[in-house]
file coords_2.cif (mmCIF, C-alpha atoms)
data_run
#
loop_
_atom_site.label_atom_id
_atom_site.label_comp_id
_atom_site.auth_asym_id
_atom_site.auth_seq_id
_atom_site.Cartn_x
_atom_site.Cartn_y
_atom_site.Cartn_z
CA MET T 1 -67.39 15.47 84.62
CA SER T 2 -65.44 12.27 85.18
CA ASP T 3 -67.49 10.70 82.37
CA GLN T 4 -66.21 13.36 80.01
CA ARG T 5 -62.58 12.57 80.85
CA VAL T 6 -63.13 8.88 80.29
CA ASP T 7 -64.82 9.57 76.96
CA ALA T 8 -62.07 11.97 75.90
CA ALA T 9 -59.33 9.57 76.94
CA SER T 10 -60.91 6.58 75.24
CA SER T 11 -61.50 8.52 72.02
CA SER T 12 -57.80 9.35 71.74
CA PHE T 13 -56.94 5.65 71.46
CA PRO T 14 -58.02 3.64 68.42
CA ASP T 15 -60.46 0.82 69.03
CA PRO T 16 -58.55 -2.39 68.18
CA VAL T 17 -61.78 -4.34 67.66
CA HIS T 18 -63.00 -2.01 64.90
CA GLN T 19 -59.69 -1.41 63.14
CA VAL T 20 -59.30 -2.78 59.64
CA ARG T 21 -55.82 -3.97 58.84
CA PRO T 22 -54.53 -3.39 55.30
CA GLY T 23 -54.46 -6.53 53.19
CA THR T 24 -57.13 -8.40 55.12
CA SER T 25 -60.06 -7.45 52.91
CA SER T 26 -58.99 -9.65 50.00
CA LYS T 27 -57.57 -13.13 50.44
CA SER T 28 -54.33 -13.86 48.60
CA SER T 29 -51.13 -15.64 49.39
CA LEU T 30 -49.31 -12.30 49.58
CA SER T 31 -51.73 -10.75 52.07
CA ALA T 32 -51.80 -13.98 54.07
CA VAL T 33 -48.07 -13.70 54.72
CA GLY T 34 -48.65 -10.64 56.89
CA ALA T 35 -51.08 -12.61 59.08
CA GLN T 36 -49.05 -15.74 59.63
CA SER T 37 -48.65 -17.86 62.72
CA VAL T 38 -45.17 -18.79 63.90
CA ILE T 39 -44.03 -22.08 65.40
CA GLY T 40 -41.01 -21.05 67.44
CA LYS T 41 -37.53 -22.61 67.52
CA THR T 42 -38.08 -24.46 70.79
CA LEU T 43 -41.45 -26.00 69.85
CA LEU T 44 -42.08 -29.57 68.68
CA ILE T 45 -45.49 -30.32 67.20
CA LYS T 46 -46.59 -33.89 66.51
CA GLY T 47 -49.84 -34.26 64.62
CA GLU T 48 -51.87 -32.48 61.98
CA ILE T 49 -51.79 -28.76 61.22
CA THR T 50 -54.84 -27.42 59.36
CA GLY T 51 -56.43 -24.02 59.12
CA SER T 52 -56.91 -20.92 57.05
CA GLU T 53 -53.87 -18.75 57.65
CA SER T 54 -50.22 -18.97 56.72
CA VAL T 55 -47.63 -20.49 59.04
CA ARG T 56 -43.89 -20.06 59.49
CA ILE T 57 -42.12 -23.02 61.07
CA GLU T 58 -38.90 -22.34 62.97
CA GLY T 59 -39.23 -25.37 65.26
CA LYS T 60 -39.97 -29.03 64.53
CA VAL T 61 -43.14 -30.51 63.06
CA GLU T 62 -43.91 -34.21 62.63
CA GLY T 63 -47.18 -35.31 60.99
CA SER T 64 -49.06 -33.46 58.24
CA ILE T 65 -49.66 -29.87 57.20
CA ALA T 66 -52.74 -28.93 55.14
CA LEU T 67 -53.25 -25.23 54.41
CA PRO T 68 -54.62 -25.37 50.84
CA ASN T 69 -55.20 -21.62 50.37
CA ASP T 70 -52.20 -20.31 52.27
CA ARG T 71 -48.42 -20.33 52.53
CA VAL T 72 -46.20 -22.66 54.54
CA THR T 73 -42.70 -21.33 55.20
CA VAL T 74 -40.10 -23.62 56.73
CA GLY T 75 -37.62 -21.20 58.30
CA ARG T 76 -33.84 -21.65 58.48
CA ASP T 77 -34.13 -23.41 61.85
CA GLY T 78 -37.26 -25.34 60.82
CA ARG T 79 -37.22 -29.15 60.63
CA VAL T 80 -40.34 -30.72 59.13
CA SER T 81 -41.06 -34.45 58.83
CA ALA T 82 -44.49 -34.16 57.24
CA ASN T 83 -46.40 -34.10 54.01
CA ILE T 84 -47.26 -30.50 53.13
CA ALA T 85 -50.24 -29.33 51.06
CA ALA T 86 -50.50 -25.55 50.54
CA GLN T 87 -50.89 -22.87 47.91
CA ASP T 88 -47.27 -21.73 48.33
CA ILE T 89 -44.40 -23.54 50.05
CA VAL T 90 -41.08 -21.86 50.87
CA VAL T 91 -38.23 -24.03 52.17
CA LEU T 92 -35.32 -22.37 53.97
CA GLY T 93 -34.72 -25.25 56.41
CA GLU T 94 -35.28 -29.01 56.10
CA VAL T 95 -38.33 -30.88 54.82
CA LEU T 96 -38.64 -34.67 54.79
CA GLY T 97 -41.96 -35.47 53.11
CA ASN T 98 -44.04 -34.98 50.01
CA CYS T 99 -45.11 -31.48 48.96
CA ASN T 100 -48.19 -30.47 47.00
CA ALA T 101 -48.19 -26.75 46.17
CA SER T 102 -51.16 -25.59 44.11
CA ASP T 103 -49.24 -22.49 43.03
CA HIS T 104 -45.51 -22.25 43.83
CA LEU T 105 -42.73 -24.13 45.61
CA ASP T 106 -39.53 -22.21 46.41
CA ILE T 107 -36.45 -23.95 47.80
CA ARG T 108 -33.89 -21.39 48.91
CA CYS T 109 -30.09 -21.78 48.88
CA ASP T 110 -29.78 -23.33 52.37
CA GLY T 111 -33.01 -25.34 52.12
CA SER T 112 -33.33 -29.07 51.60
CA LEU T 113 -36.30 -31.15 50.54
CA CYS T 114 -36.44 -34.95 50.40
CA GLY T 115 -39.74 -36.06 48.93
CA ASP T 116 -41.98 -36.11 45.90
CA ILE T 117 -43.37 -32.82 44.61
CA VAL T 118 -46.59 -31.89 42.78
CA VAL T 119 -46.59 -28.23 41.79
CA SER T 120 -47.57 -25.65 39.16
CA ARG T 121 -44.35 -23.61 39.48
CA ILE T 122 -41.04 -24.36 41.17
CA SER T 123 -37.89 -22.38 42.00
CA VAL T 124 -34.72 -23.99 43.29
CA GLU T 125 -31.84 -21.66 44.20
CA GLU T 126 -28.24 -22.62 43.67
CA GLY T 127 -26.97 -24.49 46.72
CA ALA T 128 -30.36 -25.97 47.65
CA TYR T 129 -30.77 -29.73 48.08
CA LEU T 130 -33.61 -31.59 46.39
CA THR T 131 -34.21 -35.29 46.04
CA GLY T 132 -37.42 -36.92 44.83
CA SER T 133 -39.71 -36.72 41.82
CA ILE T 134 -41.18 -33.51 40.45
CA ASP T 135 -44.59 -33.46 38.79
CA ILE T 136 -45.26 -30.04 37.25
CA ARG T 137 -48.93 -29.60 36.44
CA LYS T 138 -50.38 -26.77 34.44
CA ALA T 139 -52.89 -24.54 36.12
CA PRO T 140 -56.42 -25.43 35.00
CA ALA T 141 -57.36 -23.68 31.77
CA PRO T 142 -60.10 -21.06 32.02
CA VAL T 143 -63.51 -22.38 31.09
CA VAL T 144 -64.71 -20.91 27.80
CA LYS T 145 -68.46 -20.41 27.58
CA ALA T 146 -70.29 -21.72 24.51
CA GLU T 147 -71.38 -18.19 23.53
CA GLU T 148 -67.78 -16.93 23.57
CA LEU T 149 -66.61 -19.88 21.47
CA GLU T 150 -69.41 -19.30 18.96
CA GLN T 151 -68.56 -15.58 18.76
CA GLU T 152 -64.89 -16.42 18.09
CA LEU T 153 -65.92 -18.78 15.27
CA VAL T 154 -68.17 -16.12 13.70
CA GLU T 155 -65.42 -13.49 13.89
CA SER T 156 -62.85 -15.83 12.33
CA HIS T 157 -65.14 -16.54 9.33
CA VAL T 158 -65.92 -12.83 8.84
CA ASN T 159 -62.25 -11.89 8.71
#

call {"tool": "encode", "arguments": {"input": "coords_2.cif", "output": "structure tokens"}}
result
Amino acid sequence: MSDQRVDAASSSFPDPVHQVRPGTSSKSSLSAVGAQSVIGKTLLIKGEITGSESVRIEGKVEGSIALPNDRVTVGRDGRVSANIAAQDIVVLGEVLGNCNASDHLDIRCDGSLCGDIVVSRISVEEGAYLTGSIDIRKAPAPVVKAEELEQELVESHVN
């Protein structure tokens, strides 16, 4: 009978190992924000940060940050002296280093960035500080298959 109580009690609580969190089935920069790591205000990290999840920096980081498919957010209290390579970069604090964002770089009103930037899209709010060069590169054009190109040519001659 005690086995029945244990079974009944355990079945009333969800199994955290087998739960599926919303947004984790498909990888995107928006879903990655929900599963981000945080570097707290009192932490200082010297070295290289790499991985496959987003990070929010509220402390200090010196070195390099490479998260090519994720988002790096430098919080209001964040101080980063590092080159950053990520899909999306959001600057609310201070960044001293070059930034390479494959998708979007956003510098908010209290943010400051001193360094060269390579990006597809950029947003700089009024009041933000930015010094350095900006290289805006177009996203790679979709590859057109030979059959599709031939079909387009045929259709253009018919019309």

call {"tool": "residues_around", "arguments": {"input": "coords_2.cif", "residues": "range 75-88 of chain T", "least_positions_apart": "5", "cutoff": "9 Å", "atoms": "all atoms listed in the file", "output": "count of residues only"}}
result
37

call {"tool": "residues_near_point", "arguments": {"input": "coords_2.cif", "point": "(-34.2, -26.3, 46.6)", "cutoff": "6 Å", "atoms": "all atoms listed in the file", "output": "ChimeraX atom specification"}}
result
/T:107-108,111-112,124-125,128-130

call {"tool": "atom_distance", "arguments": {"input": "coords_2.cif", "atom1": "CA of Val90 in chain T", "atom2": "CA of Asp116 in chain T"}}
result
15.1 Å

call {"tool": "resolve_selection", "arguments": {"input": "coords_2.cif", "expression": "the PyMOL selection byres ((chain T and resi 53-55) around 7)", "output": "number ranges by chain"}}
result
T: 32-33, 35-38, 51-52, 56-57, 70-73

call {"tool": "atom_distance", "arguments": {"input": "coords_2.cif", "atom1": "CA of Cys109 in chain T", "atom2": "CA of Ile136 in chain T"}}
result
20.8 Å

call {"tool": "atom_distance", "arguments": {"input": "coords_2.cif", "atom1": "CA of Leu92 in chain T", "atom2": "CA of Leu43 in chain T"}}
result
17.4 Å

call {"tool": "closest_residue", "arguments": {"input": "coords_2.cif", "among": "T:Val74, T:Ile89, T:Leu44, T:Ile49", "to": "Ser123 in chain T", "atoms": "all atoms listed in the file"}}
result
T:Ile89

call {"tool": "axis_aligned_box", "arguments": {"input": "coords_2.cif", "around": "range 59-76 of chain T", "padding_each_side": "3 Å", "output": "JSON"}}
result
{"center_x": -44.5, "center_y": -27.8, "center_z": 57.8, "size_x": 27.4, "size_y": 21.0, "size_z": 20.9}

call {"tool": "residues_around", "arguments": {"input": "coords_2.cif", "residues": "Asp135 in chain T", "least_positions_apart": "2", "cutoff": "9 Å", "atoms": "all atoms listed in the file", "output": "PyMOL selection string"}}
result
chain T and resi 116-120+133+137
